[in-house]
$ cat final.txt   # compact mmCIF, C-alpha atoms
# COMPACT_ATOMS: atom_id res chain seq x y z
CA MET A 823 -0.82 -4.48 -13.27
CA SER A 824 0.35 -0.90 -13.62
CA ASN A 825 0.24 1.64 -10.85
CA THR A 826 -0.60 5.27 -11.40
CA LYS A 827 -0.17 6.37 -7.79
CA ARG A 828 1.85 9.50 -7.22
CA LEU A 829 3.72 10.16 -4.00
CA SER A 830 1.08 12.73 -3.04
CA ASP A 831 -1.65 10.06 -3.28
CA ILE A 832 -0.50 8.04 -0.28
CA PRO A 833 0.21 8.67 3.42
CA PHE A 834 3.81 8.81 4.65
CA SER A 835 4.79 7.69 8.15
CA VAL A 836 7.87 7.36 10.37
CA LEU A 837 9.56 4.31 11.90
CA ASP A 838 11.92 5.28 14.72
CA LEU A 839 14.38 2.90 16.39
CA SER A 840 15.23 5.64 18.92
CA PRO A 841 18.96 5.39 18.08
CA ILE A 842 21.53 5.74 20.84
CA VAL A 843 24.51 7.38 19.16
CA GLU A 844 28.17 7.00 20.07
CA GLY A 845 28.78 9.44 22.93
CA GLY A 846 25.04 9.66 23.70
CA THR A 847 22.69 8.08 26.24
CA PRO A 848 19.19 6.52 26.10
CA ALA A 849 17.90 9.76 27.68
CA ASP A 850 19.31 11.70 24.70
CA ALA A 851 17.73 9.18 22.33
CA PHE A 852 14.28 9.69 23.87
CA ARG A 853 14.57 13.48 23.72
CA ASN A 854 15.51 13.21 20.04
CA THR A 855 12.63 10.78 19.42
CA LEU A 856 10.08 13.21 20.83
CA ASP A 857 11.63 16.10 18.92
CA LEU A 858 11.44 14.14 15.66
CA ALA A 859 7.84 13.10 16.41
CA ARG A 860 6.80 16.74 16.96
CA HIS A 861 8.45 17.74 13.69
CA ALA A 862 6.89 14.78 11.86
CA GLU A 863 3.46 15.85 13.11
CA LYS A 864 4.06 19.40 11.91
CA TRP A 865 5.30 18.17 8.51
CA GLY A 866 2.19 16.07 7.90
CA TYR A 867 3.34 12.52 8.55
CA THR A 868 0.44 10.16 9.36
CA ARG A 869 1.87 7.88 12.04
CA TYR A 870 4.96 7.48 14.18
CA TRP A 871 5.93 3.95 15.10
CA LEU A 872 8.56 2.64 17.51
CA ALA A 873 10.24 -0.75 17.32
CA GLU A 874 10.86 -3.40 19.98
CA HIS A 875 14.48 -4.58 20.07
CA HIS A 876 16.35 -6.01 23.04
CA ASN A 877 20.00 -6.30 24.08
CA MET A 878 20.93 -3.70 21.44
CA PRO A 879 23.33 -1.00 22.71
CA GLY A 880 22.24 1.34 19.90
CA ILE A 881 18.43 1.08 20.22
CA ALA A 882 16.54 2.69 23.12
CA SER A 883 12.94 1.59 22.39
CA SER A 884 12.99 -1.82 24.14
CA ALA A 885 10.10 -0.88 26.49
CA THR A 886 8.06 0.05 23.43
CA SER A 887 4.67 0.70 25.08
CA VAL A 888 6.27 3.13 27.54
CA VAL A 889 7.95 5.12 24.75
CA ILE A 890 4.69 5.20 22.76
CA GLY A 891 3.00 6.80 25.78
CA TYR A 892 5.79 9.38 26.04
CA VAL A 893 5.56 10.29 22.34
CA ALA A 894 1.75 10.38 22.30
CA ALA A 895 1.74 12.64 25.38
CA GLY A 896 4.19 15.02 23.70
CA THR A 897 2.26 15.29 20.42
CA SER A 898 -1.37 16.10 19.66
CA LYS A 899 -2.69 14.42 16.52
CA ILE A 900 -0.16 12.11 14.84
CA ARG A 901 -0.97 8.41 15.29
CA VAL A 902 1.57 6.66 17.52
CA GLY A 903 2.18 2.93 17.58
CA SER A 904 4.44 -0.07 17.53
CA GLY A 905 6.43 -1.20 14.54
CA GLY A 906 6.25 -3.60 16.19
CA ILE A 907 5.55 -5.32 19.43
CA MET A 908 7.10 -8.80 19.18
CA LEU A 909 4.11 -10.75 20.46
CA PRO A 910 5.94 -14.02 21.33
CA ASN A 911 7.93 -12.01 23.90
CA HIS A 912 4.77 -11.13 25.83
CA SER A 913 1.55 -12.45 27.23
CA PRO A 914 -1.31 -11.32 24.95
CA LEU A 915 -3.23 -10.16 28.05
CA VAL A 916 -0.40 -7.80 29.06
CA ILE A 917 -0.26 -6.28 25.56
CA ALA A 918 -4.06 -5.90 25.50
CA GLU A 919 -3.90 -4.05 28.83
CA GLN A 920 -0.95 -1.88 27.78
CA PHE A 921 -2.52 -0.84 24.49
CA GLY A 922 -5.95 -0.56 26.10
CA THR A 923 -4.34 1.89 28.52
CA LEU A 924 -2.65 3.82 25.70
CA GLU A 925 -5.88 4.01 23.67
CA SER A 926 -7.81 5.15 26.77
CA LEU A 927 -5.25 7.91 27.37
CA PHE A 928 -4.91 8.94 23.70
CA PRO A 929 -8.20 7.94 22.02
CA GLY A 930 -8.12 7.37 18.27
CA ARG A 931 -4.35 7.75 18.01
CA ILE A 932 -2.85 4.35 18.87
CA ASP A 933 -1.76 1.61 16.43
CA LEU A 934 -0.72 -1.91 17.44
CA GLY A 935 1.75 -3.38 14.95
CA LEU A 936 2.70 -6.96 15.78
CA GLY A 937 5.66 -9.10 14.77
CA ARG A 938 6.55 -12.69 15.56
CA ALA A 939 10.38 -12.48 15.53
CA PRO A 940 12.20 -12.12 18.86
CA GLY A 941 13.72 -8.74 17.94
CA THR A 942 16.98 -9.94 19.45
CA ASP A 943 19.36 -12.91 19.80
CA GLN A 944 18.40 -16.37 21.07
CA LEU A 945 19.91 -15.95 24.52
CA THR A 946 17.98 -12.71 25.11
CA ALA A 947 14.83 -14.27 23.65
CA HIS A 948 15.09 -16.97 26.30
CA ALA A 949 15.56 -14.35 29.02
CA LEU A 950 12.44 -12.54 27.76
CA ARG A 951 10.23 -15.54 27.20
CA ARG A 952 11.37 -17.86 30.01
CA ASP A 953 9.93 -20.69 27.95
CA SER A 954 11.72 -22.47 25.15
CA ARG A 955 8.41 -23.44 23.53
CA SER A 956 7.49 -19.87 22.62
CA ASP A 957 9.43 -19.69 19.37
CA GLY A 958 6.85 -17.77 17.33
CA GLN A 959 5.13 -20.87 15.94
CA ASP A 960 2.08 -20.21 18.10
CA PHE A 961 1.82 -16.63 16.81
CA PRO A 962 -1.62 -17.18 15.14
CA GLU A 963 -3.04 -18.49 18.44
CA GLN A 964 -1.47 -15.63 20.41
CA LEU A 965 -2.91 -13.14 17.91
CA ALA A 966 -6.40 -14.68 18.20
CA GLU A 967 -6.19 -14.48 22.00
CA LEU A 968 -5.05 -10.85 21.88
CA ARG A 969 -7.81 -9.82 19.45
CA SER A 970 -10.46 -11.52 21.58
CA TYR A 971 -9.47 -9.38 24.60
CA PHE A 972 -10.39 -6.28 22.58
CA ASP A 973 -13.45 -7.90 21.00
CA PRO A 974 -14.91 -10.74 23.12
CA SER A 975 -17.37 -11.61 20.31
CA LEU A 976 -14.41 -13.18 18.46
CA THR A 977 -14.43 -16.10 20.90
CA SER A 978 -17.13 -18.48 22.07
CA GLY A 979 -17.94 -19.50 25.62
CA VAL A 980 -17.73 -17.66 28.92
CA ARG A 981 -14.94 -15.10 29.13
CA ARG A 982 -13.34 -15.45 32.54
CA ILE A 983 -10.35 -13.21 31.81
CA ARG A 984 -10.91 -9.67 30.60
CA ALA A 985 -8.51 -6.92 29.57
CA ILE A 986 -9.41 -3.79 31.53
CA PRO A 987 -8.65 -1.34 29.98
CA GLY A 988 -8.75 -2.83 26.48
CA GLU A 989 -12.10 -4.58 26.13
CA GLY A 990 -14.40 -2.88 23.62
CA LEU A 991 -11.72 -0.55 22.29
CA ASN A 992 -11.06 -0.28 18.58
CA ILE A 993 -7.27 -0.39 18.28
CA PRO A 994 -6.05 -1.03 14.72
CA ILE A 995 -3.93 -4.19 14.61
CA TRP A 996 -1.31 -4.51 11.88
CA LEU A 997 0.80 -7.55 11.11
CA LEU A 998 4.46 -6.87 10.39
CA GLY A 999 6.73 -9.12 8.41
CA SER A 1000 10.05 -9.58 6.67
CA SER A 1001 8.98 -12.86 5.01
CA GLY A 1002 5.80 -14.56 3.79
CA PHE A 1003 4.37 -15.97 7.04
CA SER A 1004 2.76 -12.79 8.39
CA ALA A 1005 1.87 -11.65 4.86
CA GLN A 1006 -0.32 -14.70 4.34
CA LEU A 1007 -1.80 -14.54 7.85
CA ALA A 1008 -2.64 -10.82 7.47
CA GLY A 1009 -4.32 -11.59 4.14
CA GLN A 1010 -6.36 -14.47 5.52
CA LEU A 1011 -7.53 -12.38 8.50
CA GLY A 1012 -8.20 -9.26 6.41
CA LEU A 1013 -5.76 -7.13 8.44
CA PRO A 1014 -3.42 -4.38 7.24
CA PHE A 1015 0.14 -5.56 6.55
CA ALA A 1016 3.45 -3.73 6.98
CA PHE A 1017 6.58 -5.09 5.30
CA ALA A 1018 10.16 -4.44 6.46
CA SER A 1019 11.73 -3.65 3.10
CA HIS A 1020 14.29 -1.50 4.92
CA PHE A 1021 16.20 -4.64 5.92
CA SER A 1022 14.68 -7.42 3.79
CA PRO A 1023 14.39 -5.92 0.29
CA GLU A 1024 14.58 -9.15 -1.71
CA ASN A 1025 11.46 -10.52 0.03
CA THR A 1026 9.38 -7.37 -0.49
CA LEU A 1027 7.57 -8.10 -3.75
CA PRO A 1028 6.91 -11.82 -3.06
CA ALA A 1029 5.47 -11.00 0.40
CA LEU A 1030 3.25 -8.20 -0.94
CA GLU A 1031 2.02 -10.49 -3.72
CA LEU A 1032 1.25 -13.24 -1.21
CA TYR A 1033 -0.62 -10.76 1.01
CA ARG A 1034 -2.74 -9.47 -1.85
CA GLN A 1035 -3.45 -12.95 -3.23
CA SER A 1036 -4.47 -14.40 0.14
CA PHE A 1037 -6.52 -11.35 1.21
CA ARG A 1038 -10.07 -11.96 2.38
CA PRO A 1039 -12.32 -8.99 3.19
CA SER A 1040 -13.07 -8.56 6.90
CA GLU A 1041 -14.81 -6.17 9.27
CA VAL A 1042 -11.48 -4.33 9.37
CA LEU A 1043 -10.74 -3.97 5.64
CA ASP A 1044 -12.64 -4.41 2.37
CA GLU A 1045 -9.44 -4.63 0.36
CA PRO A 1046 -5.73 -5.14 1.08
CA TYR A 1047 -3.78 -2.32 2.71
CA ALA A 1048 0.00 -2.65 2.54
CA MET A 1049 2.52 -0.32 4.12
CA VAL A 1050 6.18 -0.72 3.21
CA GLY A 1051 9.13 0.40 5.34
CA VAL A 1052 12.06 1.95 3.52
CA ASN A 1053 15.36 3.57 4.51
CA VAL A 1054 15.49 7.12 3.20
CA ILE A 1055 18.59 9.18 3.89
CA ALA A 1056 18.12 12.57 2.28
CA ALA A 1057 20.39 15.60 2.36
CA ASP A 1058 20.92 18.73 0.31
CA SER A 1059 23.52 16.95 -1.87
CA ASP A 1060 24.03 13.35 -2.99
CA GLU A 1061 27.54 13.39 -1.50
CA LYS A 1062 26.32 14.41 1.95
CA ALA A 1063 23.51 11.84 1.87
CA ARG A 1064 25.95 9.06 0.95
CA TRP A 1065 28.25 10.19 3.77
CA LEU A 1066 25.37 10.24 6.31
CA ALA A 1067 24.30 6.76 5.16
CA THR A 1068 27.60 5.26 6.32
CA SER A 1069 26.25 5.30 9.92
CA LEU A 1070 23.45 2.93 8.89
CA GLN A 1071 25.94 0.80 6.95
CA GLN A 1072 28.25 0.59 9.97
CA GLN A 1073 25.29 -0.43 12.14
CA PHE A 1074 24.50 -3.35 9.81
CA LEU A 1075 28.18 -4.20 9.50
CA ASN A 1076 28.35 -4.58 13.28
CA LEU A 1077 25.23 -6.79 13.20
CA ILE A 1078 26.83 -9.00 10.51
CA ARG A 1079 29.86 -9.31 12.81
CA ASN A 1080 27.60 -10.14 15.75
CA ASN A 1081 28.89 -7.07 17.54
CA PRO A 1082 25.98 -4.60 17.86
CA GLY A 1083 26.91 -1.19 19.18
CA LYS A 1084 25.85 2.44 19.33
CA LEU A 1085 25.16 4.32 16.09
CA GLN A 1086 28.52 5.50 14.79
CA PRO A 1087 29.45 8.82 13.20
CA PRO A 1088 29.74 8.81 9.39
CA VAL A 1089 32.99 7.78 7.69
CA GLU A 1090 34.50 8.94 4.41
CA ASN A 1091 34.83 5.47 2.87
CA ILE A 1092 32.70 2.56 4.09
CA ASP A 1093 34.47 0.17 1.68
CA GLU A 1094 37.65 0.48 3.73
CA LEU A 1095 35.81 -1.00 6.73
CA CYS A 1096 34.44 -4.16 5.12
CA ASN A 1097 35.56 -7.18 3.14
CA GLU A 1098 33.92 -8.41 -0.08
CA PHE A 1099 31.54 -10.79 1.69
CA GLU A 1100 30.39 -8.04 4.08
CA LYS A 1101 29.89 -5.64 1.15
CA ALA A 1102 27.65 -8.23 -0.54
CA VAL A 1103 25.57 -8.74 2.63
CA LEU A 1104 25.25 -4.97 3.11
CA HIS A 1105 24.05 -4.60 -0.45
CA LYS A 1106 21.56 -7.44 0.00
CA GLN A 1107 20.08 -6.08 3.23
CA LEU A 1108 20.20 -2.37 2.43
CA GLY A 1109 19.64 -2.66 -1.31
CA SER A 1110 16.34 -0.78 -1.34
CA SER A 1111 17.71 2.20 0.62
CA ILE A 1112 17.04 5.58 -0.97
CA ILE A 1113 19.98 7.91 -0.50
CA GLY A 1114 20.51 11.32 -2.07
CA ARG A 1115 19.48 14.93 -2.65
CA PRO A 1116 15.78 15.88 -3.00
CA GLU A 1117 15.60 15.21 -6.76
CA THR A 1118 17.27 11.80 -6.40
CA VAL A 1119 15.05 10.85 -3.47
CA LYS A 1120 11.86 11.90 -5.27
CA GLU A 1121 12.73 9.85 -8.34
CA LYS A 1122 13.71 6.76 -6.32
CA LEU A 1123 10.67 7.01 -4.03
CA GLN A 1124 8.38 7.14 -7.06
CA SER A 1125 10.12 4.10 -8.58
CA PHE A 1126 9.79 2.26 -5.26
CA LEU A 1127 6.08 3.12 -5.14
CA ASP A 1128 5.60 1.98 -8.74
CA GLU A 1129 7.30 -1.32 -7.95
CA THR A 1130 5.57 -2.10 -4.63
CA ARG A 1131 2.17 -0.45 -5.27
CA ALA A 1132 2.25 0.37 -1.54
CA ASP A 1133 -0.77 2.03 0.07
CA GLU A 1134 1.52 3.84 2.51
CA LEU A 1135 5.27 4.28 2.93
CA MET A 1136 6.98 4.25 6.32
CA ILE A 1137 10.30 6.07 6.31
CA THR A 1138 13.14 5.18 8.62
CA ALA A 1139 16.51 6.93 8.86
CA GLN A 1140 19.39 5.90 11.09
CA ILE A 1141 21.36 9.15 10.97
CA PHE A 1142 24.02 10.03 13.56
CA ASP A 1143 23.49 13.78 13.76
CA HIS A 1144 20.03 14.71 15.02
CA GLN A 1145 19.74 17.92 12.96
CA SER A 1146 20.70 16.00 9.80
CA ARG A 1147 18.09 13.38 10.71
CA LEU A 1148 15.41 16.05 11.06
CA ARG A 1149 16.47 17.53 7.72
CA SER A 1150 16.19 14.13 6.03
CA PHE A 1151 12.56 13.70 7.13
CA GLU A 1152 11.84 17.34 6.26
CA ILE A 1153 13.13 16.81 2.70
CA VAL A 1154 10.73 13.86 2.23
CA ALA A 1155 7.85 15.99 3.54
CA GLU A 1156 8.82 18.83 1.17
CA ILE A 1157 8.86 16.42 -1.81
CA ILE A 1158 5.29 15.32 -1.04
CA LYS A 1159 4.11 18.88 -0.43
CA LYS A 1160 5.48 20.00 -3.81
CA GLU A 1161 3.78 17.01 -5.47
CA ASN A 1162 0.51 18.02 -3.84
CA ASN A 1163 0.86 21.54 -5.17
CA ALA A 1164 1.95 20.44 -8.65

$ encode --input "final.txt" --output "structure tokens"
Amino acid sequence: MSNTKRLSDIPFSVLDLSPIVEGGTPADAFRNTLDLARHAEKWGYTRYWLAEHHNMPGIASSATSVVIGYVAAGTSKIRVGSGGIMLPNHSPLVIAEQFGTLESLFPGRIDLGLGRAPGTDQLTAHALRRDSRSDGQDFPEQLAELRSYFDPSLTSGVRRIRAIPGEGLNIPIWLLGSSGFSAQLAGQLGLPFAFASHFSPENTLPALELYRQSFRPSEVLDEPYAMVGVNVIAADSDEKARWLATSLQQQFLNLIRNNPGKLQPPVENIDELCNEFEKAVLHKQLGSSIIGRPETVKEKLQSFLDETRADELMITAQIFDHQSRLRSFEIVAEIIKKENNA
């Protein structure tokens, strides 16, 4: 099946991990997050999502709902949401109340993206969940419970527990995945699906295919809607973009070594920092990253769209210098604007 979509035909969005850079603090990270969100709104991005990670010295968005409220309060029209909330870490009632509160405060602007991974290591997962049984296997049941708090008609019998605020609110729920499990579940339930190609590129096409094949129309969607996350590190030259990208590569290198840390400044030669095995893992996990000057990025983004047939692309960029990070997202916005005017 061929795809004739151009970049200007689809929405573009932002995934922000609220990076804490070497020499910086979480407070700095949040200020930068809000600044990027305001720019993203001005540049025409559709949504701005924040990710739940725990016990990560370089990621500030662990209390995801709180940061969503901060970003939504500091912007006026961009949709703000979670990419994602890791549902097994929480009681569905608490998430229904938190997002019911957010939607009540910022009506029509809140998205609830849900994942089933812990977003952290096993020890931290245990500290979060306090219950060894909650390993993500009961995710479909948790999801059903959560959805029924927003829409009590989804469950039968007397509802003794209600989510106030939350009940009766229409908050779009997305399923997030880096494998096939959530792809199939999203398809069966007729929900929109977001795939983490930015760290799981080899699973992207199989998961999207599974989603589309298993899709059943629902009250939410008549046909599949797939958003794909992708690392884009853009600069005014290929050389500068490759240099900026070494911060992301160092971040993954530290994860491979089980030594997560703050986002590091760029280095001249990433190959000097890693052995052959680590280089192979980096290539595997970051293989779909788009790095380069505007012309390079445009060409690679179009190829990525042709390959995935995505309905929306969500751009993420772990860049050490905040101004360079802003510029990277601005370049993507400029590419789409020029396409629109072409």

$ residues_around --input "final.txt" --residues "Ala885 in chain A" --least-positions-apart "5" --cutoff "9 Å" --atoms "only C-alpha atoms" --output "list in words"
Glu874, His875, His876 and Ile890 of chain A

$ atom_distance --input "final.txt" --atom1 "CA of Ala1018 in chain A" --atom2 "CA of Thr897 in chain A"
25.4 Å

$ closest_residue --input "final.txt" --among "A:Glu1161, A:Glu1134, A:Glu863, A:Glu1098" --to "Lys899 in chain A" --atoms "only C-alpha atoms"
A:Glu863

$ atom_distance --input "final.txt" --atom1 "CA of Gly1012 in chain A" --atom2 "CA of Ile993 in chain A"
14.8 Å

$ residues_around --input "final.txt" --residues "range 1108-1112 of chain A" --least-positions-apart "6" --cutoff "8 Å" --atoms "all atoms listed in the file" --output "MDAnalysis selection string"
chainID A and resid 1019:1023 1052:1056 1071 1119 1122:1123

$ closest_residue --input "final.txt" --among "A:Gly930, A:Gly988, A:Pro994, A:Pro1046" --to "Gln1010 in chain A" --atoms "only C-alpha atoms"
A:Pro1046

$ closest_residue --input "final.txt" --among "A:Asp838, A:Arg860, A:Ala1067, A:Thr847" --to "Val889 in chain A" --atoms "only C-alpha atoms"
A:Asp838

$ atom_distance --input "final.txt" --atom1 "CA of Leu909 in chain A" --atom2 "CA of Ile832 in chain A"
28.4 Å

$ residues_around --input "final.txt" --residues "Leu927 in chain A" --least-positions-apart "4" --cutoff "10 Å" --atoms "all atoms listed in the file" --output "short mmCIF file (atom, residue, chain, number, x, y, z; two decimals) with C-alpha atoms, keeping the file's coordinate frame"
data_model
loop_
_atom_site.label_atom_id
_atom_site.label_comp_id
_atom_site.auth_asym_id
_atom_site.auth_seq_id
_atom_site.Cartn_x
_atom_site.Cartn_y
_atom_site.Cartn_z
CA GLY A 891 3.00 6.80 25.78
CA ALA A 894 1.75 10.38 22.30
CA ALA A 895 1.74 12.64 25.38
CA PHE A 921 -2.52 -0.84 24.49
CA GLY A 922 -5.95 -0.56 26.10
CA THR A 923 -4.34 1.89 28.52
CA ARG A 931 -4.35 7.75 18.01
CA ILE A 932 -2.85 4.35 18.87
#

$ residues_around --input "final.txt" --residues "Ala1016 in chain A" --least-positions-apart "2" --cutoff "6 Å" --atoms "all atoms listed in the file" --output "list in words"
Leu998, Ala1048, Met1049 and Val1050 of chain A

$ build_atoms --input "final.txt" --residues "range 1072-1094 of chain A" --atoms "N, CA, C and O atoms" --output "compact mmCIF listing (two decimals), in the coordinates of the input"
# COMPACT_ATOMS: atom_id res chain seq x y z
N GLN A 1072 27.42 1.08 8.87
CA GLN A 1072 28.25 0.59 9.97
C GLN A 1072 27.41 -0.19 10.98
O GLN A 1072 27.86 -1.20 11.54
N GLN A 1073 26.16 0.27 11.21
CA GLN A 1073 25.29 -0.43 12.14
C GLN A 1073 25.03 -1.86 11.65
O GLN A 1073 25.11 -2.82 12.43
N PHE A 1074 24.74 -2.01 10.36
CA PHE A 1074 24.50 -3.35 9.81
C PHE A 1074 25.77 -4.18 9.76
O PHE A 1074 25.75 -5.39 9.99
N LEU A 1075 26.89 -3.52 9.50
CA LEU A 1075 28.18 -4.20 9.50
C LEU A 1075 28.44 -4.83 10.87
O LEU A 1075 28.87 -5.98 10.98
N ASN A 1076 28.15 -4.07 11.93
CA ASN A 1076 28.35 -4.58 13.28
C ASN A 1076 27.39 -5.73 13.59
O ASN A 1076 27.75 -6.66 14.31
N LEU A 1077 26.17 -5.68 13.02
CA LEU A 1077 25.23 -6.79 13.20
C LEU A 1077 25.73 -8.04 12.49
O LEU A 1077 25.65 -9.15 13.02
N ILE A 1078 26.26 -7.86 11.27
CA ILE A 1078 26.83 -9.00 10.51
C ILE A 1078 27.95 -9.65 11.33
O ILE A 1078 28.09 -10.87 11.36
N ARG A 1079 28.72 -8.81 12.02
CA ARG A 1079 29.86 -9.31 12.81
C ARG A 1079 29.45 -9.76 14.20
O ARG A 1079 30.29 -10.09 15.03
N ASN A 1080 28.13 -9.74 14.45
CA ASN A 1080 27.60 -10.14 15.75
C ASN A 1080 28.19 -9.28 16.87
O ASN A 1080 28.52 -9.77 17.95
N ASN A 1081 28.30 -7.99 16.58
CA ASN A 1081 28.89 -7.07 17.54
C ASN A 1081 28.10 -5.76 17.54
O ASN A 1081 28.61 -4.71 17.20
N PRO A 1082 26.79 -5.82 17.92
CA PRO A 1082 25.98 -4.60 17.86
C PRO A 1082 26.51 -3.53 18.80
O PRO A 1082 27.02 -3.84 19.87
N GLY A 1083 26.42 -2.29 18.35
CA GLY A 1083 26.91 -1.19 19.18
C GLY A 1083 26.08 0.05 18.96
O GLY A 1083 25.05 0.02 18.31
N LYS A 1084 26.55 1.16 19.52
CA LYS A 1084 25.85 2.44 19.33
C LYS A 1084 26.00 2.90 17.88
O LYS A 1084 26.91 2.47 17.15
N LEU A 1085 25.10 3.80 17.47
CA LEU A 1085 25.16 4.32 16.09
C LEU A 1085 26.40 5.20 15.95
O LEU A 1085 26.61 6.13 16.72
N GLN A 1086 27.22 4.86 14.95
CA GLN A 1086 28.52 5.50 14.79
C GLN A 1086 28.46 6.73 13.90
O GLN A 1086 27.60 6.82 13.01
N PRO A 1087 29.39 7.67 14.10
CA PRO A 1087 29.45 8.82 13.20
C PRO A 1087 29.80 8.37 11.78
O PRO A 1087 30.39 7.30 11.59
N PRO A 1088 29.45 9.18 10.77
CA PRO A 1088 29.74 8.81 9.39
C PRO A 1088 31.24 8.70 9.14
O PRO A 1088 32.05 9.30 9.85
N VAL A 1089 31.59 7.91 8.10
CA VAL A 1089 32.99 7.78 7.69
C VAL A 1089 33.10 8.17 6.21
O VAL A 1089 32.11 8.16 5.48
N GLU A 1090 34.30 8.50 5.80
CA GLU A 1090 34.50 8.94 4.41
C GLU A 1090 34.35 7.78 3.42
O GLU A 1090 33.84 7.96 2.32
N ASN A 1091 34.85 6.59 3.82
CA ASN A 1091 34.83 5.47 2.87
C ASN A 1091 34.44 4.18 3.58
O ASN A 1091 35.28 3.55 4.23
N ILE A 1092 33.19 3.77 3.42
CA ILE A 1092 32.70 2.56 4.09
C ILE A 1092 33.40 1.31 3.55
O ILE A 1092 33.61 0.34 4.27
N ASP A 1093 33.83 1.35 2.28
CA ASP A 1093 34.47 0.17 1.68
C ASP A 1093 35.76 -0.22 2.39
O ASP A 1093 36.16 -1.39 2.38
N GLU A 1094 36.40 0.77 3.00
CA GLU A 1094 37.65 0.48 3.73
C GLU A 1094 37.39 -0.33 4.99
O GLU A 1094 38.30 -0.94 5.54
